[in-house]
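Novice: Got a structure here, written out as structure tokens. Questions coming.
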Amino acid sequence: MPRSDTLSLREARRIAIAAQGFAAAAAGPQTGAEAMEAVGARHARRMIGRLGLVQIDSVNVLVRSHYLPLFSRLGAYEAPLLDRLAYGGRRRALFEYWGHEASLIPVEQQPLFRWRMARAERGEGIYGELARFAAERRPYVASVLAEVAARGPLGASELSGAGRGAGGWWGWSDGKRAVEFLFWAGLVTTAGRRGFERLYDLPERVLPAAVLAAPTPEEAEAQRALLRIAARAHGVATERDLRDYHRLDAADARLRVAELVEAGDLLPVAVEGWAQPAYLSPDARRPRKSAARALLSPFDSLIWERQRTERLFGVRVRLEIYTPAEKREHGYYVLPFLMDERIAGRVDLKADRKAGALLVQAAHLEADTAPQAGAAPGAVAEALAAELRRMAGWLGLARVTVVGAGDLAPALADALGVPAGASVEVG
């Protein structure tokens, strides 16, 4: 691909969307058993390899976030497929570690994180309280490791003398603190999950032998490899974007980006409206248009860096789960709707499994697609209605119900062919 020194904002958007696997609208069967069978392990592995990692999150008001990126890009698939890739014995394709927060990562990348594990074992690069606990309670942490070795896989609650937690993030029990330190340090890993509780075991009993036997790259080379992965997944990005993808330190990333530019692995470019220099992946595709249609998890890698999302799409995306209900602007669990090459709207969704309904608790049109900007909300509503039907079918829900407000809710209800508050059957 010929080098270009300047990109328009629209070009940058299309490059980013394509790099993230949204090059075209989903094709093929969209609902039912035929759709589920169309997406297999090979498709899922290839897509996660393209993204580099998938962020894990515990919130389950709709479906846990890590199941959504594959659906958004590939369409309906059997959710247990992801569980098998992540926890399916020694032949697993993914492992859990701190990539971009807690993440599912291709197992072949495990050597690229050993430098981070080594830093964590020294008490560097992890939460301060966790580092202090490990330093002050070394004999106890060693005893927990020995117990996992003897009895694993174990949940933190199953450890002998684990103690009781006080609630909250740092209300962990001593046992939970110990195994989380060991997890950071790579001395234990996730063998599986019980519900959402991690089950810890030794890496040699969990990870493929070939992965464990792979040589450990030098720290600088591992960081360069992670930045190359981030660059391919972004298409075009600033230094901040690149380092945020795997949460690299600013000082490390600055040095490694300069080295990659010198080697020709990153191409410096300017992007219209961006104050900071940007870098283009040599592997980036530059499509002339995007026909994407996707509901995005709030933790989707296309939008998880909020400043980048504002620069790319001109929209402000914030997670409002911890915002008091009366102060929320868009809702509790809000999914932005990607349509063509813009964020066209957002919906606050909930899976009411008892009633068999996908509830639309609010639906909002984005400002740059509002009527005064010349866009028809009906077109957004029609496209969004199709995606909601597809999602409901994937989740095994029989209907879609618009129960909430928002400036897009009336048009969405019309597109679904029901009055607001009524349901439309799926399939």
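Order determines the names: the first chain of the structure tokens is A, the second B, and so forth; residues in each chain are numbered 1 upward, and ligands are numbered 1 upward as they are shown.
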Please identify all polymer residues within 10 Å of A:Asp414, counting only C-alpha atoms, omitting same-chain residues fewer than 3 positions from it, and present them as a short mmCIF file (atom, residue, chain, number, x, y, z; two decimals) with all heavy atoms, in the first residue's frame.
Specialist:
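The file below, selection_16.cif, is the result:
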data_model
loop_
_atom_site.label_atom_id
_atom_site.label_comp_id
_atom_site.auth_asym_id
_atom_site.auth_seq_id
_atom_site.Cartn_x
_atom_site.Cartn_y
_atom_site.Cartn_z
N GLY A 378 -35.54 7.72 10.61
CA GLY A 378 -36.18 6.47 10.19
C GLY A 378 -35.19 5.48 9.62
O GLY A 378 -35.31 4.27 9.83
N ALA A 381 -33.35 3.99 12.51
CA ALA A 381 -34.24 3.11 13.24
C ALA A 381 -34.44 1.78 12.52
O ALA A 381 -34.47 0.72 13.15
CB ALA A 381 -35.58 3.80 13.47
N GLU A 382 -34.60 1.82 11.19
CA GLU A 382 -34.78 0.58 10.42
C GLU A 382 -33.56 -0.33 10.56
O GLU A 382 -33.67 -1.54 10.78
CB GLU A 382 -35.03 0.90 8.95
CG GLU A 382 -36.38 1.52 8.65
CD GLU A 382 -37.52 0.50 8.75
OE1 GLU A 382 -37.23 -0.70 8.78
OE2 GLU A 382 -38.68 0.93 8.79
N ALA A 385 -33.35 -1.63 14.16
CA ALA A 385 -34.37 -2.65 14.42
C ALA A 385 -33.90 -4.01 13.93
O ALA A 385 -34.10 -5.03 14.61
CB ALA A 385 -35.69 -2.26 13.76
N ALA A 409 -36.69 6.47 20.18
CA ALA A 409 -37.61 5.41 20.58
C ALA A 409 -38.87 5.35 19.70
O ALA A 409 -39.28 4.25 19.29
CB ALA A 409 -37.98 5.55 22.05
N PRO A 410 -39.54 6.47 19.41
CA PRO A 410 -40.75 6.37 18.56
C PRO A 410 -40.46 5.80 17.18
O PRO A 410 -41.20 4.94 16.70
CB PRO A 410 -41.24 7.83 18.48
CG PRO A 410 -40.68 8.48 19.70
CD PRO A 410 -39.34 7.85 19.91
N ALA A 411 -39.39 6.28 16.53
CA ALA A 411 -39.06 5.76 15.20
C ALA A 411 -38.65 4.30 15.27
O ALA A 411 -38.95 3.51 14.36
CB ALA A 411 -37.93 6.60 14.58
N GLY A 417 -42.52 -2.15 14.06
CA GLY A 417 -43.90 -2.41 13.72
C GLY A 417 -44.82 -2.59 14.90
O GLY A 417 -45.86 -3.25 14.80
N VAL A 418 -44.44 -1.97 16.03
CA VAL A 418 -45.28 -2.08 17.23
C VAL A 418 -45.34 -0.73 17.92
O VAL A 418 -44.44 0.10 17.77
CB VAL A 418 -44.71 -3.12 18.22
CG1 VAL A 418 -44.74 -4.52 17.61
CG2 VAL A 418 -43.31 -2.75 18.65
N PRO A 419 -46.39 -0.48 18.69
CA PRO A 419 -46.39 0.72 19.52
C PRO A 419 -45.34 0.60 20.60
O PRO A 419 -44.96 -0.50 21.01
CB PRO A 419 -47.81 0.73 20.15
CG PRO A 419 -48.58 -0.29 19.39
CD PRO A 419 -47.61 -1.27 18.84
N ALA A 420 -44.84 1.74 21.08
CA ALA A 420 -43.90 1.72 22.19
C ALA A 420 -44.53 0.99 23.37
O ALA A 420 -45.70 1.22 23.71
CB ALA A 420 -43.52 3.14 22.58
#
Novice: I'd like the contact shell of A:Gly128 - 12 Å cut-off, only C-alpha atoms, skipping same-chain residues fewer than 5 positions apart - returned as an MDAnalysis selection string.
Specialist: chainID A and resid 120 122:123 133:135 170 177 181
Novice: Can you check which residues of stretch 112-343 of chain A DSSP gives as strand (DSSP E or B) on the backbone and send them as a PyMOL selection string?
Specialist: chain A and resi 154+189-194+197-201+236-238+267-271+278-280+292-295+334-340+342-343
Novice: Quick one: write out the picked residues with C-alpha atoms as a PDB file, in the first residue's frame?
Specialist:
ATOM      1  CA  LEU A 154      -9.366 -23.602  43.200  1.00  0.00           C
ATOM      2  CA  THR A 189      -3.525 -18.655  35.728  1.00  0.00           C
ATOM      3  CA  THR A 190      -7.232 -19.163  35.125  1.00  0.00           C
ATOM      4  CA  ALA A 191      -8.114 -22.812  34.589  1.00  0.00           C
ATOM      5  CA  GLY A 192     -11.821 -22.084  34.234  1.00  0.00           C
ATOM      6  CA  ARG A 193     -14.667 -20.220  35.838  1.00  0.00           C
ATOM      7  CA  ARG A 194     -17.490 -21.226  38.138  1.00  0.00           C
ATOM      8  CA  GLU A 197     -15.510 -16.817  39.765  1.00  0.00           C
ATOM      9  CA  ARG A 198     -11.974 -17.515  38.590  1.00  0.00           C
ATOM     10  CA  LEU A 199     -10.580 -20.982  39.277  1.00  0.00           C
ATOM     11  CA  TYR A 200      -6.811 -20.734  39.682  1.00  0.00           C
ATOM     12  CA  ASP A 201      -4.229 -23.357  38.804  1.00  0.00           C
ATOM     13  CA  VAL A 236      -4.383   4.260  12.379  1.00  0.00           C
ATOM     14  CA  ALA A 237      -3.690   5.573  15.874  1.00  0.00           C
ATOM     15  CA  THR A 238      -1.840   8.059  18.039  1.00  0.00           C
ATOM     16  CA  LEU A 267       4.118   4.972   9.134  1.00  0.00           C
ATOM     17  CA  PRO A 268       3.776   8.541  10.481  1.00  0.00           C
ATOM     18  CA  VAL A 269       0.667  10.319   9.181  1.00  0.00           C
ATOM     19  CA  ALA A 270      -1.443  13.355  10.004  1.00  0.00           C
ATOM     20  CA  VAL A 271      -5.189  12.897  10.463  1.00  0.00           C
ATOM     21  CA  ALA A 278      -0.682   9.494  14.167  1.00  0.00           C
ATOM     22  CA  TYR A 279       0.755   6.241  12.896  1.00  0.00           C
ATOM     23  CA  LEU A 280      -0.566   3.996  10.152  1.00  0.00           C
ATOM     24  CA  ALA A 292     -20.945  -1.914   8.875  1.00  0.00           C
ATOM     25  CA  ARG A 293     -23.958  -2.602  11.074  1.00  0.00           C
ATOM     26  CA  ALA A 294     -23.183  -3.515  14.668  1.00  0.00           C
ATOM     27  CA  LEU A 295     -24.257  -3.021  18.258  1.00  0.00           C
ATOM     28  CA  VAL A 334     -25.760   1.381  26.694  1.00  0.00           C
ATOM     29  CA  LEU A 335     -24.578  -0.040  23.384  1.00  0.00           C
ATOM     30  CA  PRO A 336     -23.546   2.404  20.649  1.00  0.00           C
ATOM     31  CA  PHE A 337     -24.875   1.497  17.202  1.00  0.00           C
ATOM     32  CA  LEU A 338     -22.295   1.499  14.404  1.00  0.00           C
ATOM     33  CA  MET A 339     -23.931   2.234  11.060  1.00  0.00           C
ATOM     34  CA  ASP A 340     -21.763   2.554   7.948  1.00  0.00           C
ATOM     35  CA  ARG A 342     -20.462   6.548  12.107  1.00  0.00           C
ATOM     36  CA  ILE A 343     -21.950   5.986  15.523  1.00  0.00           C
TER      37      ILE A 343
END
Novice: Can you measure atom CA of A:Leu112 to atom CA of A:Gly125 for me? One decimal in Å is fine.
Specialist: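 Taking atom CA of A:Leu112 as the start and atom CA of A:Gly125 as the end point, the length is 15.4 Å.
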Novice: Per DSSP on the backbone, what are the helix (DSSP H, G or I) residues of stretch 346-408 of chain A, as a PyMOL selection string?
Specialist: chain A and resi 367-369+371-373+377-394
Novice: Just want the 9 Å neighbourhood of A:Arg256, counted on only C-alpha atoms, with same-chain residues fewer than 5 positions away dropped. Output as a list in words.
Specialist: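 Counting only the stated atoms, we get Ala220, Glu221, Gln223, Arg224, Leu227, Ala251 and Val261 of chain A.
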Novice: As an exercise, work out the distance from atom CA of A:Ala118 to atom CA of A:Glu262 in Å and give it to one decimal place.
Specialist: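 Value for the atom CA of A:Ala118-atom CA of A:Glu262 distance: 28.0 Å.
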Novice: Have a look at atom CA of A:Gly175 and atom CA of A:Arg116 and let me know their distance in Å, one decimal.
Specialist: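 Value for the atom CA of A:Gly175-atom CA of A:Arg116 distance: 22.1 Å.
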Novice: Point out the residue among A:Leu408, A:Ala150, A:Leu9, A:Leu296 with the least atom-to-atom distance to A:Trp274, counting only C-alpha atoms.
Specialist: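 Of A:Leu408, A:Ala150, A:Leu9, A:Leu296, the one nearest A:Trp274, counting only C-alpha atoms, is A:Leu9.
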Novice: Quick one: of A:Ala185, A:Leu358, A:Ile303, A:Ala16, who's nearest to A:Arg114, counting only C-alpha atoms?
Specialist: A:Ala185
Novice: Write out as an NGL selection string each polymer residue whose atoms come within 12 Å of A:Pro80, counting only C-alpha atoms; drop sequence neighbours fewer than 2 positions from it.
Specialist: :A and (36 or 40-41 or 44 or 66-67 or 77-78 or 82-88)
Novice: Could you save those same residues with N, CA and C atoms as a PDB file, in the first residue's frame?
Specialist:
ATOM      1  N   MET A  36     -25.988 -20.062  13.870  1.00  0.00           N
ATOM      2  CA  MET A  36     -25.095 -20.525  14.928  1.00  0.00           C
ATOM      3  C   MET A  36     -24.018 -21.448  14.369  1.00  0.00           C
ATOM      4  N   GLY A  40     -17.734 -20.918  13.375  1.00  0.00           N
ATOM      5  CA  GLY A  40     -17.057 -21.967  14.117  1.00  0.00           C
ATOM      6  C   GLY A  40     -15.808 -21.456  14.811  1.00  0.00           C
ATOM      7  N   ALA A  41     -15.071 -22.385  15.417  1.00  0.00           N
ATOM      8  CA  ALA A  41     -13.872 -22.032  16.175  1.00  0.00           C
ATOM      9  C   ALA A  41     -12.840 -21.328  15.313  1.00  0.00           C
ATOM     10  N   ALA A  44     -13.823 -17.698  14.943  1.00  0.00           N
ATOM     11  CA  ALA A  44     -13.648 -16.975  16.206  1.00  0.00           C
ATOM     12  C   ALA A  44     -12.174 -16.745  16.504  1.00  0.00           C
ATOM     13  N   HIS A  66     -17.604  -9.863  27.044  1.00  0.00           N
ATOM     14  CA  HIS A  66     -16.642 -10.538  26.172  1.00  0.00           C
ATOM     15  C   HIS A  66     -17.308 -11.429  25.124  1.00  0.00           C
ATOM     16  N   TYR A  67     -18.597 -11.713  25.283  1.00  0.00           N
ATOM     17  CA  TYR A  67     -19.300 -12.479  24.258  1.00  0.00           C
ATOM     18  C   TYR A  67     -19.755 -11.593  23.092  1.00  0.00           C
ATOM     19  N   TYR A  77     -23.541 -16.757  17.008  1.00  0.00           N
ATOM     20  CA  TYR A  77     -22.685 -17.930  17.210  1.00  0.00           C
ATOM     21  C   TYR A  77     -23.059 -18.552  18.545  1.00  0.00           C
ATOM     22  N   GLU A  78     -22.632 -19.766  18.761  1.00  0.00           N
ATOM     23  CA  GLU A  78     -22.926 -20.437  20.017  1.00  0.00           C
ATOM     24  C   GLU A  78     -21.982 -19.912  21.088  1.00  0.00           C
ATOM     25  N   LEU A  82     -16.910 -19.663  22.787  1.00  0.00           N
ATOM     26  CA  LEU A  82     -15.887 -18.822  23.402  1.00  0.00           C
ATOM     27  C   LEU A  82     -15.372 -19.447  24.682  1.00  0.00           C
ATOM     28  N   ASP A  83     -16.240 -20.052  25.467  1.00  0.00           N
ATOM     29  CA  ASP A  83     -15.818 -20.724  26.696  1.00  0.00           C
ATOM     30  C   ASP A  83     -14.860 -21.869  26.388  1.00  0.00           C
ATOM     31  N   ARG A  84     -15.140 -22.616  25.324  1.00  0.00           N
ATOM     32  CA  ARG A  84     -14.248 -23.727  24.967  1.00  0.00           C
ATOM     33  C   ARG A  84     -12.880 -23.210  24.533  1.00  0.00           C
ATOM     34  N   LEU A  85     -12.866 -22.112  23.791  1.00  0.00           N
ATOM     35  CA  LEU A  85     -11.588 -21.538  23.362  1.00  0.00           C
ATOM     36  C   LEU A  85     -10.774 -21.051  24.548  1.00  0.00           C
ATOM     37  N   ALA A  86     -11.466 -20.538  25.574  1.00  0.00           N
ATOM     38  CA  ALA A  86     -10.765 -19.953  26.723  1.00  0.00           C
ATOM     39  C   ALA A  86     -10.446 -20.972  27.810  1.00  0.00           C
ATOM     40  N   TYR A  87     -11.293 -21.986  27.983  1.00  0.00           N
ATOM     41  CA  TYR A  87     -11.155 -22.866  29.140  1.00  0.00           C
ATOM     42  C   TYR A  87     -11.217 -24.347  28.771  1.00  0.00           C
ATOM     43  N   GLY A  88     -10.963 -24.648  27.513  1.00  0.00           N
ATOM     44  CA  GLY A  88     -11.123 -26.013  27.027  1.00  0.00           C
ATOM     45  C   GLY A  88      -9.898 -26.890  27.180  1.00  0.00           C
TER      46      GLY A  88
END
Novice: Please identify all polymer residues within 8 Å of A:Leu349, counting only C-alpha atoms, omitting same-chain residues fewer than 6 positions from it, and present them as a list in words.
Specialist: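 The filter keeps Val61, Leu62, Tyr333, Val334, Leu335, Leu358, Leu359, Val360, Gln361 and Ala362 of chain A.
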Novice: Write out, as a CSV table (one decimal), in the first residue's frame, the residues just selected, with all heavy atoms.
Specialist:
chain,number,residue,atom,x,y,z
A,61,VAL,N,-26.3,-7.7,32.6
A,61,VAL,CA,-27.6,-7.3,32.4
A,61,VAL,C,-28.1,-7.6,31.0
A,61,VAL,O,-29.4,-7.8,30.8
A,61,VAL,CB,-27.7,-5.7,32.6
A,61,VAL,CG1,-27.0,-4.9,31.6
A,61,VAL,CG2,-29.2,-5.3,32.7
A,62,LEU,N,-27.3,-7.7,30.1
A,62,LEU,CA,-27.6,-8.2,28.7
A,62,LEU,C,-27.0,-9.5,28.4
A,62,LEU,O,-27.6,-10.5,28.3
A,62,LEU,CB,-27.1,-7.1,27.7
A,62,LEU,CG,-27.4,-7.4,26.2
A,62,LEU,CD1,-28.9,-7.4,25.9
A,62,LEU,CD2,-26.6,-6.4,25.3
A,333,TYR,N,-26.9,0.3,30.7
A,333,TYR,CA,-26.0,-0.5,29.9
A,333,TYR,C,-26.3,-0.2,28.5
A,333,TYR,O,-27.1,-0.8,27.8
A,333,TYR,CB,-26.2,-2.0,30.2
A,333,TYR,CG,-25.0,-2.8,29.7
A,333,TYR,CD1,-23.8,-2.9,30.5
A,333,TYR,CD2,-25.1,-3.6,28.6
A,333,TYR,CE1,-22.8,-3.6,30.0
A,333,TYR,CE2,-24.1,-4.4,28.2
A,333,TYR,CZ,-22.9,-4.4,28.9
A,333,TYR,OH,-21.8,-5.1,28.5
A,334,VAL,N,-25.5,0.8,28.0
A,334,VAL,CA,-25.8,1.4,26.7
A,334,VAL,C,-24.8,0.9,25.6
A,334,VAL,O,-23.6,0.9,25.8
A,334,VAL,CB,-25.6,2.9,26.8
A,334,VAL,CG1,-25.9,3.6,25.5
A,334,VAL,CG2,-26.7,3.4,27.8
A,335,LEU,N,-25.4,0.4,24.5
A,335,LEU,CA,-24.6,0.0,23.4
A,335,LEU,C,-24.7,1.0,22.3
A,335,LEU,O,-25.8,1.2,21.7
A,335,LEU,CB,-25.1,-1.4,22.9
A,335,LEU,CG,-24.6,-2.6,23.6
A,335,LEU,CD1,-25.2,-2.7,25.0
A,335,LEU,CD2,-25.0,-3.9,22.9
A,358,LEU,N,-36.1,-8.9,24.8
A,358,LEU,CA,-35.0,-8.0,24.7
A,358,LEU,C,-35.6,-6.6,24.9
A,358,LEU,O,-36.4,-6.1,24.1
A,358,LEU,CB,-34.2,-8.0,23.4
A,358,LEU,CG,-33.1,-7.0,23.2
A,358,LEU,CD1,-32.0,-7.2,24.3
A,358,LEU,CD2,-32.5,-7.2,21.8
A,359,LEU,N,-35.3,-6.0,26.1
A,359,LEU,CA,-35.9,-4.7,26.4
A,359,LEU,C,-35.0,-3.5,25.9
A,359,LEU,O,-33.9,-3.5,26.3
A,359,LEU,CB,-36.1,-4.6,27.9
A,359,LEU,CG,-36.9,-5.7,28.6
A,359,LEU,CD1,-37.1,-5.4,30.1
A,359,LEU,CD2,-38.3,-5.9,27.9
A,360,VAL,N,-35.6,-2.6,25.2
A,360,VAL,CA,-35.0,-1.4,24.8
A,360,VAL,C,-35.4,-0.3,25.8
A,360,VAL,O,-36.6,0.2,25.7
A,360,VAL,CB,-35.4,-1.0,23.4
A,360,VAL,CG1,-34.6,0.3,23.0
A,360,VAL,CG2,-35.0,-2.1,22.4
A,361,GLN,N,-34.6,-0.1,26.8
A,361,GLN,CA,-35.0,0.8,27.9
A,361,GLN,C,-34.8,2.3,27.5
A,361,GLN,O,-35.3,3.2,28.2
A,361,GLN,CB,-34.2,0.5,29.1
A,361,GLN,CG,-34.4,-1.0,29.5
A,361,GLN,CD,-33.9,-1.4,30.9
A,361,GLN,OE1,-34.7,-1.7,31.8
A,361,GLN,NE2,-32.6,-1.3,31.1
A,362,ALA,N,-34.0,2.6,26.5
A,362,ALA,CA,-33.9,3.9,25.9
A,362,ALA,C,-33.2,3.8,24.6
A,362,ALA,O,-32.5,2.9,24.3
A,362,ALA,CB,-33.1,4.8,26.9
